[in-house]
Amino acid sequence: MIAGGKATALVLAGRRDGSIDALAAAHGVADKCLVPVLGTPCIEHVLQALVAAPEIGDVVISINDPAILTGLPTADRLAAEGRLTALKAEHNLAESVLAAARQASFPILITTADNVLMTPESIALMVEGAGDADAAAAFARKADILAAHPEGQRRFYEFADDGYSNCNTYWIGRPEVLRVVEIFREGGQFAKNPRRVIAAFGLVNTLMFRQGWLSLASAFKRISKRMKVSLVPVVLADGSYAIDVDNERTHACATEIMARRRAAAA
């Protein structure tokens with residue numbers, strides 16, 4: 001829970017320098033975070049959810065070109081209120097998180113600029129689920145994700161109790177937990193590098209993960225013991241929270257789900 005104040009939201013919107021995102025190119029925009037969903041840029045959807053959440057105070061955005069945020073209504077509003085810090089993204093995920101965290105007060109809620117289906121309700125559930133843990137990560141179950149949209153996800157983490165996908169929403173309760181981010185410092189596909197996985201989680205834990213012998217909760221308990229911090233999974237019942245905008249397929253899924261939400265609210 002948040003004690004004595006609000007959480008800082010960190011929105012990761014970076015990309016590799018010099019790279020051209022295929023989705024951005026297809027939609028004729030300068031950056032993936034500007035790809036429109038129902039006429040509104042992805043990052044605007046995320047910012048709208050954050051400002052509507054009473055648990056969130058300041059917002060830090062890690063992005064390749066902070067200038068492209070100018071003119072976005074919610075970004076402009078946050079800037080006018082003195083609540084927005086926009087930083088140039090570093091060369092990898094870990095460095096971007098660490099640099100942004102230096103501009104933030106704890107606790108920190110981390111999400112991504114393509115997490116367009118995030119809502120104030122999902123933020124509240126994440127904060128409640130994190131409780132007094134040092135850190136947390138949000139997940140949704142396979143059946144719930146497929147119920148939200150059958151094409152929303154095609155790959156799942158298979159645990160002993162169920163299949164899951166992450167919801168691109170994370171919680172860091174205190175500065176000391178940032179040392180966990182160090183395992184991603186080298187960049188690249190962490191999960192595809194066995195030596196890095198074993199070094200981070202230990203050989204026995206890695207084998208148990210690979211064989212699907214652990215439930216999601218028990219896996220987090222073992223990781224917590226290994227890393228000497230309390231890490232908890234927060235399982236969200238709405239599977240749509242695990243669907244972000246990565247490509248044309250998921251863009252179409254997110255658009256459909258968002259349209260359904262608006263029709264239901266009308």
# chains A, B, ... in the order shown; residues from 1 in each chain; ligands from 1
$ residues_around --residues "Val29 in chain A" --least-positions-apart "5" --cutoff "12 Å" --atoms "only C-alpha atoms" --output "ChimeraX atom specification"
/A:20-24,34-36,41-42,68
$ closest_residue --among "A:Leu125, A:Ala99, A:Leu236, A:Leu10" --to "Arg141 in chain A" --atoms "only C-alpha atoms"
A:Leu236
$ closest_residue --among "A:His91, A:Lys32, A:Arg249, A:Lys6" --to "Pro150 in chain A" --atoms "only C-alpha atoms"
A:Arg249
$ closest_residue --among "A:Ile223, A:Gln48, A:Val234, A:Thr250" --to "Ala138 in chain A" --atoms "only C-alpha atoms"
A:Val234
$ residues_around --residues "Ile108 in chain A" --least-positions-apart "6" --cutoff "6 Å" --atoms "only C-alpha atoms" --output "list in words"
Ala7, Thr8, Ala9, Trp171 and Ile172 of chain A
$ residues_around --residues "range 175-178 of chain A" --least-positions-apart "6" --cutoff "9 Å" --atoms "only C-alpha atoms" --output "JSON, numbers by chain"
{"A": [97, 98, 101, 105, 106, 107, 134, 135, 229]}
$ closest_residue --among "A:Leu12, A:Ile243, A:Leu214, A:Cys167" --to "Gly152 in chain A" --atoms "only C-alpha atoms"
A:Ile243
$ residues_around --residues "range 114-120 of chain A" --least-positions-apart "2" --cutoff "10 Å" --atoms "only C-alpha atoms" --output "ChimeraX atom specification"
/A:11-13,32-35,37,40-56,111-112,122-126,167-169,240-246,251,254-255,257-258,261
$ write_last_selection --atoms "C-alpha atoms" --output "compact mmCIF listing (two decimals), in the first residue's frame"
# COMPACT_ATOMS: atom_id res chain seq x y z
CA VAL A 11 6.21 5.16 -18.62
CA LEU A 12 8.76 3.40 -20.82
CA ALA A 13 8.48 4.64 -24.41
CA LYS A 32 5.34 3.78 -31.97
CA CYS A 33 3.96 5.60 -28.93
CA LEU A 34 2.10 7.92 -31.32
CA VAL A 35 0.30 5.13 -33.19
CA VAL A 37 -5.98 3.62 -31.31
CA THR A 40 -5.84 8.77 -29.90
CA PRO A 41 -2.07 8.09 -29.64
CA CYS A 42 -1.10 5.06 -27.57
CA ILE A 43 0.79 7.06 -24.98
CA GLU A 44 -2.19 9.40 -24.51
CA HIS A 45 -4.37 6.43 -23.58
CA VAL A 46 -1.80 5.41 -20.97
CA LEU A 47 -1.44 8.92 -19.57
CA GLN A 48 -5.22 9.33 -19.36
CA ALA A 49 -5.45 6.19 -17.24
CA LEU A 50 -2.64 7.37 -14.99
CA VAL A 51 -4.04 10.85 -14.34
CA ALA A 52 -7.46 9.35 -13.56
CA ALA A 53 -5.93 7.05 -10.91
CA PRO A 54 -5.92 8.65 -7.44
CA GLU A 55 -2.91 6.50 -6.49
CA ILE A 56 -0.65 8.27 -9.04
CA THR A 111 4.33 0.56 -17.40
CA THR A 112 4.86 0.98 -21.14
CA SER A 122 -6.17 -1.96 -13.00
CA ILE A 123 -3.83 0.53 -11.35
CA ALA A 124 -5.81 0.36 -8.10
CA LEU A 125 -5.75 -3.45 -8.20
CA MET A 126 -1.99 -3.42 -8.79
CA CYS A 167 0.40 -7.10 -18.08
CA ASN A 168 3.31 -4.69 -18.56
CA THR A 169 2.66 -3.25 -15.12
CA SER A 240 -7.47 -7.54 -21.63
CA TYR A 241 -4.81 -5.99 -19.40
CA ALA A 242 -2.27 -8.41 -20.89
CA ILE A 243 -2.86 -7.15 -24.44
CA ASP A 244 -0.69 -4.27 -25.58
CA VAL A 245 0.00 -2.77 -29.01
CA ASP A 246 3.01 -4.54 -30.51
CA HIS A 251 -3.40 -3.15 -32.57
CA ALA A 254 -6.80 -3.48 -28.61
CA THR A 255 -8.96 -1.35 -30.90
CA ILE A 257 -11.63 -4.20 -26.95
CA MET A 258 -11.49 -0.45 -26.44
CA ARG A 261 -15.57 -0.75 -23.48
$ select_by_dssp --residues "range 60-93 of chain A" --states "strand (DSSP E or B)" --output "MDAnalysis selection string"
chainID A and resid 60:63 84:88
$ atom_distance --atom1 "CA of Ala263 in chain A" --atom2 "CA of Leu38 in chain A"
12.7 Å
$ atom_distance --atom1 "CA of Phe159 in chain A" --atom2 "CA of Lys225 in chain A"
18.5 Å
$ atom_distance --atom1 "CA of Ile61 in chain A" --atom2 "CA of Asn166 in chain A"
20.6 Å
$ select_by_dssp --residues "range 35-178 of chain A" --states "helix (DSSP H, G or I)" --output "number ranges by chain"
A: 42-51, 66-69, 73-80, 93-101, 120-130, 142-148, 175-178
